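Novice: The file below is model-v7.cif, mmCIF, C-alpha atoms and all ligand atoms:
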```cif
data_run
loop_
_atom_site.label_atom_id
_atom_site.label_comp_id
_atom_site.auth_asym_id
_atom_site.auth_seq_id
_atom_site.Cartn_x
_atom_site.Cartn_y
_atom_site.Cartn_z
CA ALA Y 1 -51.98 -31.11 -37.68
CA ARG Y 2 -55.36 -30.22 -39.10
CA PRO Y 3 -56.97 -27.07 -37.71
CA VAL Y 4 -59.83 -27.68 -35.29
CA VAL Y 5 -63.35 -26.26 -35.49
CA ALA Y 6 -65.66 -26.64 -32.48
CA ILE Y 7 -69.44 -26.33 -32.51
CA VAL Y 8 -70.56 -24.83 -29.20
CA GLY Y 9 -74.02 -23.97 -27.91
CA ARG Y 10 -76.72 -24.92 -25.47
CA PRO Y 11 -78.65 -28.18 -25.95
CA ASN Y 12 -81.24 -28.50 -28.71
CA VAL Y 13 -80.07 -25.74 -31.03
CA GLY Y 14 -79.07 -28.31 -33.68
CA LYS Y 15 -75.32 -28.80 -33.15
CA SER Y 16 -75.34 -32.53 -33.88
CA THR Y 17 -77.59 -32.08 -36.92
CA ILE Y 18 -75.17 -29.56 -38.45
CA PHE Y 19 -72.13 -31.61 -37.41
CA ASN Y 20 -73.55 -34.60 -39.30
CA ARG Y 21 -74.29 -32.48 -42.36
CA ILE Y 22 -70.74 -31.13 -42.37
CA ILE Y 23 -68.97 -34.46 -41.98
CA GLY Y 24 -71.36 -36.21 -44.37
CA ASP Y 25 -70.51 -39.87 -44.87
CA ARG Y 26 -67.18 -39.56 -43.12
CA LEU Y 27 -67.00 -41.65 -40.02
CA ALA Y 28 -67.26 -39.71 -36.80
CA ILE Y 29 -64.96 -41.10 -34.17
CA VAL Y 30 -65.73 -40.97 -30.49
CA GLU Y 31 -62.61 -39.84 -28.71
CA ASP Y 32 -61.75 -42.56 -26.26
CA LYS Y 33 -60.07 -40.52 -23.55
CA PRO Y 34 -61.20 -41.01 -19.98
CA GLY Y 35 -63.15 -38.28 -18.23
CA ILE Y 36 -65.17 -35.39 -19.47
CA THR Y 37 -63.90 -35.28 -23.03
CA ARG Y 38 -65.02 -38.76 -23.93
CA ASP Y 39 -68.53 -37.86 -25.02
CA ARG Y 40 -67.40 -35.48 -27.68
CA LEU Y 41 -67.56 -36.45 -31.31
CA TYR Y 42 -64.70 -35.70 -33.64
CA GLY Y 43 -65.09 -35.67 -37.39
CA VAL Y 44 -63.04 -34.72 -40.38
CA ALA Y 45 -64.22 -32.45 -43.17
CA GLU Y 46 -62.91 -30.42 -46.06
CA TRP Y 47 -64.19 -27.30 -47.81
CA ASN Y 48 -62.60 -25.48 -50.76
CA GLY Y 49 -59.65 -27.86 -50.49
CA LYS Y 50 -59.05 -27.02 -46.83
CA PRO Y 51 -59.22 -29.99 -44.46
CA PHE Y 52 -60.16 -29.53 -40.81
CA SER Y 53 -61.26 -31.49 -37.76
CA ILE Y 54 -64.62 -30.66 -36.28
CA ILE Y 55 -65.93 -31.28 -32.76
CA ASP Y 56 -69.56 -31.68 -31.76
CA THR Y 57 -69.41 -30.58 -28.13
CA GLY Y 58 -72.93 -31.59 -27.19
CA GLY Y 59 -72.25 -35.00 -25.73
CA ILE Y 60 -72.99 -34.16 -22.11
CA GLU Y 61 -76.58 -33.16 -21.63
CA ILE Y 62 -78.05 -33.97 -18.26
CA ASP Y 63 -81.42 -32.93 -16.89
CA GLY Y 64 -81.50 -30.25 -14.24
CA GLU Y 65 -80.92 -26.64 -15.11
CA ASP Y 66 -77.78 -26.11 -13.02
CA ILE Y 67 -76.11 -29.19 -14.36
CA ILE Y 68 -76.96 -28.26 -17.92
CA LEU Y 69 -75.54 -24.78 -17.50
CA ARG Y 70 -72.42 -26.16 -15.86
CA SER Y 71 -71.99 -28.68 -18.63
CA ILE Y 72 -72.47 -26.03 -21.34
CA ARG Y 73 -69.83 -23.88 -19.67
CA MET Y 74 -67.44 -26.79 -19.37
CA GLN Y 75 -67.90 -27.82 -22.98
CA ALA Y 76 -67.39 -24.26 -24.16
CA GLU Y 77 -64.21 -23.91 -22.13
CA LEU Y 78 -62.80 -27.18 -23.44
CA ALA Y 79 -63.66 -26.21 -27.00
CA ILE Y 80 -61.94 -22.86 -26.60
CA GLU Y 81 -58.74 -24.53 -25.51
CA GLU Y 82 -58.72 -26.94 -28.42
CA ALA Y 83 -60.29 -25.03 -31.27
CA ASP Y 84 -58.84 -22.68 -33.85
CA VAL Y 85 -62.30 -21.51 -34.88
CA ILE Y 86 -65.52 -21.71 -32.84
CA VAL Y 87 -69.01 -21.97 -34.29
CA PHE Y 88 -71.43 -20.54 -31.73
CA MET Y 89 -74.76 -22.12 -32.59
CA CYS Y 90 -78.09 -20.57 -31.64
CA ASP Y 91 -81.76 -21.16 -32.44
CA ALA Y 92 -83.75 -18.68 -34.51
CA MET Y 93 -87.03 -19.93 -33.08
CA THR Y 94 -86.17 -19.21 -29.44
CA GLY Y 95 -84.15 -16.07 -30.06
CA VAL Y 96 -81.35 -15.16 -27.65
CA THR Y 97 -81.73 -17.00 -24.33
CA GLN Y 98 -80.06 -16.75 -20.93
CA ALA Y 99 -78.08 -19.91 -21.67
CA ASP Y 100 -76.84 -18.37 -24.95
CA GLU Y 101 -75.65 -15.35 -22.95
CA GLU Y 102 -73.76 -17.71 -20.63
CA VAL Y 103 -71.98 -19.27 -23.56
CA ALA Y 104 -71.25 -15.85 -25.08
CA GLN Y 105 -69.61 -14.70 -21.82
CA ILE Y 106 -67.13 -17.56 -22.07
CA LEU Y 107 -66.50 -17.02 -25.75
CA TYR Y 108 -65.70 -13.31 -25.25
CA ARG Y 109 -62.63 -14.29 -23.28
CA SER Y 110 -61.40 -16.83 -25.81
CA GLY Y 111 -59.65 -14.52 -28.23
CA LYS Y 112 -60.48 -17.07 -30.95
CA PRO Y 113 -62.52 -16.35 -34.09
CA ILE Y 114 -66.22 -16.87 -33.34
CA ILE Y 115 -68.84 -17.48 -36.03
CA VAL Y 116 -72.46 -17.13 -34.93
CA ALA Y 117 -74.65 -19.68 -36.74
CA VAL Y 118 -78.39 -19.21 -36.26
CA ASN Y 119 -80.05 -22.55 -36.95
CA LYS Y 120 -83.69 -23.39 -37.79
CA VAL Y 121 -83.99 -20.64 -40.40
CA ASP Y 122 -86.11 -23.12 -42.34
CA ASN Y 123 -87.77 -20.65 -44.69
CA MET Y 124 -87.49 -17.10 -46.02
CA GLY Y 125 -90.06 -15.91 -43.49
CA ARG Y 126 -87.56 -16.65 -40.74
CA SER Y 127 -84.58 -14.84 -42.27
CA ASP Y 128 -85.19 -11.68 -40.23
CA LEU Y 129 -84.83 -13.68 -37.01
CA ILE Y 130 -81.03 -13.64 -37.32
CA TYR Y 131 -80.74 -9.91 -36.59
CA GLU Y 132 -81.12 -10.07 -32.82
CA PHE Y 133 -78.01 -12.27 -32.73
CA TYR Y 134 -75.89 -9.25 -33.74
CA SER Y 135 -76.25 -8.25 -30.08
CA PHE Y 136 -73.45 -10.63 -29.07
CA GLY Y 137 -70.99 -8.47 -30.98
CA PHE Y 138 -69.35 -11.40 -32.77
CA GLY Y 139 -70.14 -10.05 -36.23
CA ASP Y 140 -72.57 -11.16 -38.91
CA PRO Y 141 -74.77 -14.08 -37.83
CA ILE Y 142 -75.23 -16.73 -40.52
CA GLY Y 143 -78.74 -18.16 -40.92
CA ILE Y 144 -78.76 -21.90 -41.51
CA SER Y 145 -81.19 -24.80 -41.51
CA GLY Y 146 -80.06 -28.25 -40.46
CA SER Y 147 -83.41 -29.61 -41.61
CA HIS Y 148 -83.09 -28.27 -45.14
CA GLY Y 149 -79.32 -27.91 -45.49
CA THR Y 150 -79.57 -24.24 -46.43
CA GLY Y 151 -76.86 -21.78 -45.43
CA ILE Y 152 -74.34 -24.53 -44.67
CA GLY Y 153 -72.16 -23.46 -47.62
CA ASP Y 154 -72.06 -19.91 -46.26
CA LEU Y 155 -71.16 -21.27 -42.83
CA LEU Y 156 -68.35 -23.40 -44.29
CA ASP Y 157 -67.07 -20.39 -46.26
CA ALA Y 158 -66.89 -18.41 -43.01
CA ILE Y 159 -65.16 -21.30 -41.23
CA VAL Y 160 -62.38 -21.82 -43.78
CA THR Y 161 -61.84 -18.07 -44.14
CA ASN Y 162 -60.91 -18.07 -40.45
CA LEU Y 163 -58.75 -21.22 -40.43
P1 LIG J 201 -78.09 -30.36 -30.25
O1 LIG J 201 -78.64 -30.70 -28.92
O2 LIG J 201 -77.64 -28.94 -30.27
O3 LIG J 201 -77.04 -31.30 -30.76
O4 LIG J 201 -79.32 -30.39 -31.29
P2 LIG J 201 -79.80 -31.58 -32.27
O5 LIG J 201 -78.99 -31.61 -33.52
O6 LIG J 201 -79.89 -32.84 -31.49
O7 LIG J 201 -81.25 -31.05 -32.68
C1 LIG J 201 -82.21 -30.73 -31.68
C2 LIG J 201 -83.59 -30.74 -32.31
O8 LIG J 201 -83.73 -29.70 -33.26
C3 LIG J 201 -83.90 -32.04 -33.06
O9 LIG J 201 -85.24 -32.37 -32.83
C4 LIG J 201 -83.65 -31.66 -34.51
O10 LIG J 201 -84.40 -32.44 -35.40
C5 LIG J 201 -84.11 -30.21 -34.53
N1 LIG J 201 -83.46 -29.43 -35.58
C6 LIG J 201 -82.16 -29.43 -35.92
N2 LIG J 201 -81.92 -28.59 -36.94
C7 LIG J 201 -83.12 -28.03 -37.24
C8 LIG J 201 -83.53 -27.06 -38.22
O11 LIG J 201 -82.77 -26.52 -39.02
N3 LIG J 201 -84.86 -26.71 -38.21
C9 LIG J 201 -85.74 -27.26 -37.35
N4 LIG J 201 -87.00 -26.86 -37.43
N5 LIG J 201 -85.39 -28.18 -36.42
C10 LIG J 201 -84.10 -28.56 -36.38
MG MG J 202 -76.11 -32.92 -29.81
#
```
Could you render the structure as structure tokens?

Specialist:
Amino acid sequence: ARPVVAIVGRPNVGKSTIFNRIIGDRLAIVEDKPGITRDRLYGVAEWNGKPFSIIDTGGIEIDGEDIILRSIRMQAELAIEEADVIVFMCDAMTGVTQADEEVAQILYRSGKPIIVAVNKVDNMGRSDLIYEFYSFGFGDPIGISGSHGTGIGDLLDAIVTNL
């Protein structure tokens, strides 16, 4: 079976934007299982000749802070079970938030390779914003921009290196 990459993170960091950039024209299929997994999007991608499946875990986003946090936790836990590599996506413009810390706590226990992708690094002036994301201890954060498509090659390099 193809290795599985999951994109995890709180709402609004740009997970779906990056997911769509990575799968490109390839059709994303909505997994039709009953229950909590059904909102997740699965796609197929390939980089440097290495094929992989990729999951956009952001399907469940409900208003109300407690529910959002619970849903983020649930999505992260599901992704950990299924994934071979996890992309932990954050937002350069907000910096590290409490919800990011919540996700990080779950990811620490996973034992899976974690790649920190810091999205919304839309211009050179924002490149220094990635440094505070070293504080998670998951290694070198990768600055990306879903709006401009920059840094995605570096992210894909990091993903396939860990497959
Ligand atoms: P998700 O909730 O994590 O799936 O995030 P989305 O992909 O839905 O994006 C949330 C918002 O951030 C949308 O308004 C996007 O247009 C915006 N966004 C996504 N990527 C970028 C980026 O690289 N730069 C900027 N400035 N905005 C972005
Ligand atoms: Mg989304």

Novice: Would you give me, as a Markdown table, each residue of chain Y having an atom within 8 Å of an atom of ligand MG 202 (chain J), along with its shortest atom pair and that distance in Å to one decimal, using only C-alpha atoms and all ligand atoms and sorting by chain and residue number?

Specialist:
```
| residue | atom | partner | partner_atom | distance |
| --- | --- | --- | --- | --- |
| Y:Pro11 | CA | J:MG202 | MG | 6.6 |
| Y:Asn12 | CA | J:MG202 | MG | 6.9 |
| Y:Gly14 | CA | J:MG202 | MG | 6.7 |
| Y:Lys15 | CA | J:MG202 | MG | 5.4 |
| Y:Ser16 | CA | J:MG202 | MG | 4.2 |
| Y:Thr17 | CA | J:MG202 | MG | 7.3 |
| Y:Asp56 | CA | J:MG202 | MG | 6.9 |
| Y:Thr57 | CA | J:MG202 | MG | 7.3 |
| Y:Gly58 | CA | J:MG202 | MG | 4.3 |
| Y:Gly59 | CA | J:MG202 | MG | 6.0 |
```

Novice: Just checking: using all atoms listed in the file, which residue out of Y:Ser110, Y:Asn48, Y:Thr150, Y:Gln75 ends up closest to Arg10 (chain Y)?

Specialist: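 Looking only at the distances to Arg10 (chain Y), the closest residue turns out to be Y:Gln75.
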
Novice: Counting only C-alpha atoms, which of Y:Ile115, Y:Pro51, Y:Met124, Y:Gly143 gets nearest to Ala92 (chain Y)?

Specialist: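 Of Y:Ile115, Y:Pro51, Y:Met124, Y:Gly143, the one nearest Ala92 (chain Y) is Y:Gly143, counting only C-alpha atoms.
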
Novice: Which residues of chain Y come within 12 Å of ligand LIG 201 (chain J), and for each one, what is the closest pair of atoms and their distance in Å to one decimal, counting only C-alpha atoms and all ligand atoms, sorted by chain and residue number, as JSON lines?

Specialist:
```
{"residue": "Y:Ile7", "atom": "CA", "partner": "J:LIG201", "partner_atom": "O2", "distance": 8.9}
{"residue": "Y:Val8", "atom": "CA", "partner": "J:LIG201", "partner_atom": "O2", "distance": 8.3}
{"residue": "Y:Gly9", "atom": "CA", "partner": "J:LIG201", "partner_atom": "O2", "distance": 6.6}
{"residue": "Y:Arg10", "atom": "CA", "partner": "J:LIG201", "partner_atom": "O2", "distance": 6.3}
{"residue": "Y:Pro11", "atom": "CA", "partner": "J:LIG201", "partner_atom": "O1", "distance": 3.9}
{"residue": "Y:Asn12", "atom": "CA", "partner": "J:LIG201", "partner_atom": "O1", "distance": 3.4}
{"residue": "Y:Val13", "atom": "CA", "partner": "J:LIG201", "partner_atom": "O2", "distance": 4.1}
{"residue": "Y:Gly14", "atom": "CA", "partner": "J:LIG201", "partner_atom": "O4", "distance": 3.2}
{"residue": "Y:Lys15", "atom": "CA", "partner": "J:LIG201", "partner_atom": "O2", "distance": 3.7}
{"residue": "Y:Ser16", "atom": "CA", "partner": "J:LIG201", "partner_atom": "O3", "distance": 3.8}
{"residue": "Y:Thr17", "atom": "CA", "partner": "J:LIG201", "partner_atom": "O5", "distance": 3.7}
{"residue": "Y:Ile18", "atom": "CA", "partner": "J:LIG201", "partner_atom": "O5", "distance": 6.6}
{"residue": "Y:Phe19", "atom": "CA", "partner": "J:LIG201", "partner_atom": "O5", "distance": 7.9}
{"residue": "Y:Asn20", "atom": "CA", "partner": "J:LIG201", "partner_atom": "O5", "distance": 8.5}
{"residue": "Y:Arg21", "atom": "CA", "partner": "J:LIG201", "partner_atom": "O5", "distance": 10.0}
{"residue": "Y:Arg40", "atom": "CA", "partner": "J:LIG201", "partner_atom": "O3", "distance": 10.9}
{"residue": "Y:Leu41", "atom": "CA", "partner": "J:LIG201", "partner_atom": "O3", "distance": 10.8}
{"residue": "Y:Ile55", "atom": "CA", "partner": "J:LIG201", "partner_atom": "O3", "distance": 11.3}
{"residue": "Y:Asp56", "atom": "CA", "partner": "J:LIG201", "partner_atom": "O3", "distance": 7.6}
{"residue": "Y:Thr57", "atom": "CA", "partner": "J:LIG201", "partner_atom": "O3", "distance": 8.1}
{"residue": "Y:Gly58", "atom": "CA", "partner": "J:LIG201", "partner_atom": "O3", "distance": 5.5}
{"residue": "Y:Gly59", "atom": "CA", "partner": "J:LIG201", "partner_atom": "O3", "distance": 7.9}
{"residue": "Y:Ile60", "atom": "CA", "partner": "J:LIG201", "partner_atom": "O1", "distance": 9.5}
{"residue": "Y:Glu61", "atom": "CA", "partner": "J:LIG201", "partner_atom": "O1", "distance": 8.0}
{"residue": "Y:Ile62", "atom": "CA", "partner": "J:LIG201", "partner_atom": "O1", "distance": 11.2}
{"residue": "Y:Ile68", "atom": "CA", "partner": "J:LIG201", "partner_atom": "O1", "distance": 11.4}
{"residue": "Y:Ile72", "atom": "CA", "partner": "J:LIG201", "partner_atom": "O2", "distance": 10.7}
{"residue": "Y:Val87", "atom": "CA", "partner": "J:LIG201", "partner_atom": "O2", "distance": 11.8}
{"residue": "Y:Phe88", "atom": "CA", "partner": "J:LIG201", "partner_atom": "O2", "distance": 10.5}
{"residue": "Y:Met89", "atom": "CA", "partner": "J:LIG201", "partner_atom": "O2", "distance": 7.8}
{"residue": "Y:Cys90", "atom": "CA", "partner": "J:LIG201", "partner_atom": "O2", "distance": 8.5}
{"residue": "Y:Asp91", "atom": "CA", "partner": "J:LIG201", "partner_atom": "C8", "distance": 8.4}
{"residue": "Y:Ala92", "atom": "CA", "partner": "J:LIG201", "partner_atom": "N3", "distance": 8.9}
{"residue": "Y:Met93", "atom": "CA", "partner": "J:LIG201", "partner_atom": "N4", "distance": 8.2}
{"residue": "Y:Thr94", "atom": "CA", "partner": "J:LIG201", "partner_atom": "N4", "distance": 11.1}
{"residue": "Y:Asp100", "atom": "CA", "partner": "J:LIG201", "partner_atom": "O2", "distance": 11.9}
{"residue": "Y:Ala117", "atom": "CA", "partner": "J:LIG201", "partner_atom": "O11", "distance": 10.9}
{"residue": "Y:Val118", "atom": "CA", "partner": "J:LIG201", "partner_atom": "O11", "distance": 9.0}
{"residue": "Y:Asn119", "atom": "CA", "partner": "J:LIG201", "partner_atom": "O11", "distance": 5.2}
{"residue": "Y:Lys120", "atom": "CA", "partner": "J:LIG201", "partner_atom": "O11", "distance": 3.5}
{"residue": "Y:Val121", "atom": "CA", "partner": "J:LIG201", "partner_atom": "O11", "distance": 6.2}
{"residue": "Y:Asp122", "atom": "CA", "partner": "J:LIG201", "partner_atom": "N3", "distance": 5.6}
{"residue": "Y:Asn123", "atom": "CA", "partner": "J:LIG201", "partner_atom": "N3", "distance": 9.3}
{"residue": "Y:Arg126", "atom": "CA", "partner": "J:LIG201", "partner_atom": "N3", "distance": 10.7}
{"residue": "Y:Gly143", "atom": "CA", "partner": "J:LIG201", "partner_atom": "O11", "distance": 9.5}
{"residue": "Y:Ile144", "atom": "CA", "partner": "J:LIG201", "partner_atom": "O11", "distance": 6.6}
{"residue": "Y:Ser145", "atom": "CA", "partner": "J:LIG201", "partner_atom": "O11", "distance": 3.4}
{"residue": "Y:Gly146", "atom": "CA", "partner": "J:LIG201", "partner_atom": "O11", "distance": 3.5}
{"residue": "Y:Ser147", "atom": "CA", "partner": "J:LIG201", "partner_atom": "O11", "distance": 4.1}
{"residue": "Y:His148", "atom": "CA", "partner": "J:LIG201", "partner_atom": "O11", "distance": 6.4}
{"residue": "Y:Gly149", "atom": "CA", "partner": "J:LIG201", "partner_atom": "O11", "distance": 7.5}
{"residue": "Y:Thr150", "atom": "CA", "partner": "J:LIG201", "partner_atom": "O11", "distance": 8.4}
{"residue": "Y:Gly151", "atom": "CA", "partner": "J:LIG201", "partner_atom": "O11", "distance": 9.9}
{"residue": "Y:Ile152", "atom": "CA", "partner": "J:LIG201", "partner_atom": "O11", "distance": 10.3}
```

Novice: Do you know which residues are at most 10 Å from Gly153 (chain Y) counting all atoms listed in the file, after dropping those on the same chain fewer than 6 positions away, and could you put them as a list in words?

Specialist: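 Once the nearby chain positions are removed, what remains is Ile22, Trp47, Ile144 and Ile159 of chain Y.
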
Novice: Got time to write the residues from that selection, C-alpha atoms, as a PDB file, in the coordinates of the input?

Specialist:
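And here is the file that came out, out_19.pdb:
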```pdb
ATOM      1  CA  ILE Y  22     -70.740 -31.130 -42.370  1.00  0.00           C
ATOM      2  CA  TRP Y  47     -64.190 -27.300 -47.810  1.00  0.00           C
ATOM      3  CA  ILE Y 144     -78.760 -21.900 -41.510  1.00  0.00           C
ATOM      4  CA  ILE Y 159     -65.160 -21.300 -41.230  1.00  0.00           C
TER       5      ILE Y 159
END
```

Novice: I'd like the interatomic distance between CA of Ala83 (chain Y) and CA of Ala6 (chain Y), to a tenth of an Å.

Specialist: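 About the pair CA of Ala83 (chain Y) and CA of Ala6 (chain Y): they are 5.7 Å apart.
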
Novice: Name the residues in contact with region 111-113 of chain Y at a cut-off of 10 Å, using all atoms listed in the file, excluding same-chain residues fewer than 6 positions from it; report them as a list in words.

Specialist: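 Near region 111-113 of chain Y, the qualifying residues are Ile80, Glu81, Ala83, Asp84, Val85, Ile86, Val87, Phe138, Ile159, Asn162 and Leu163 of chain Y.
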
Novice: Quick one: pull the distance between CA of Val160 (chain Y) and CA of Phe52 (chain Y), Å, one decimal.

Specialist: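 That distance, rounded to one decimal, is 8.6 Å.
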
Novice: Listed atoms of region 113-129 of chain Y, axis-aligned box, 3 Å per side: centre and edge lengths to one decimal in Å, as JSON?

Specialist:
```
{"center_x": -76.3, "center_y": -17.5, "center_z": -39.7, "size_x": 33.5, "size_y": 17.7, "size_z": 18.7}
```

Novice: Counting all atoms listed in the file, which of Y:Ala99, Y:Ile54, Y:Ile130, Y:Ala45 gets nearest to Val5 (chain Y)?

Specialist: Y:Ile54

Novice: Can you work out the spacing between CA of Val4 (chain Y) and CA of Met74 (chain Y) in Å, to one decimal?

Specialist: 17.7 Å
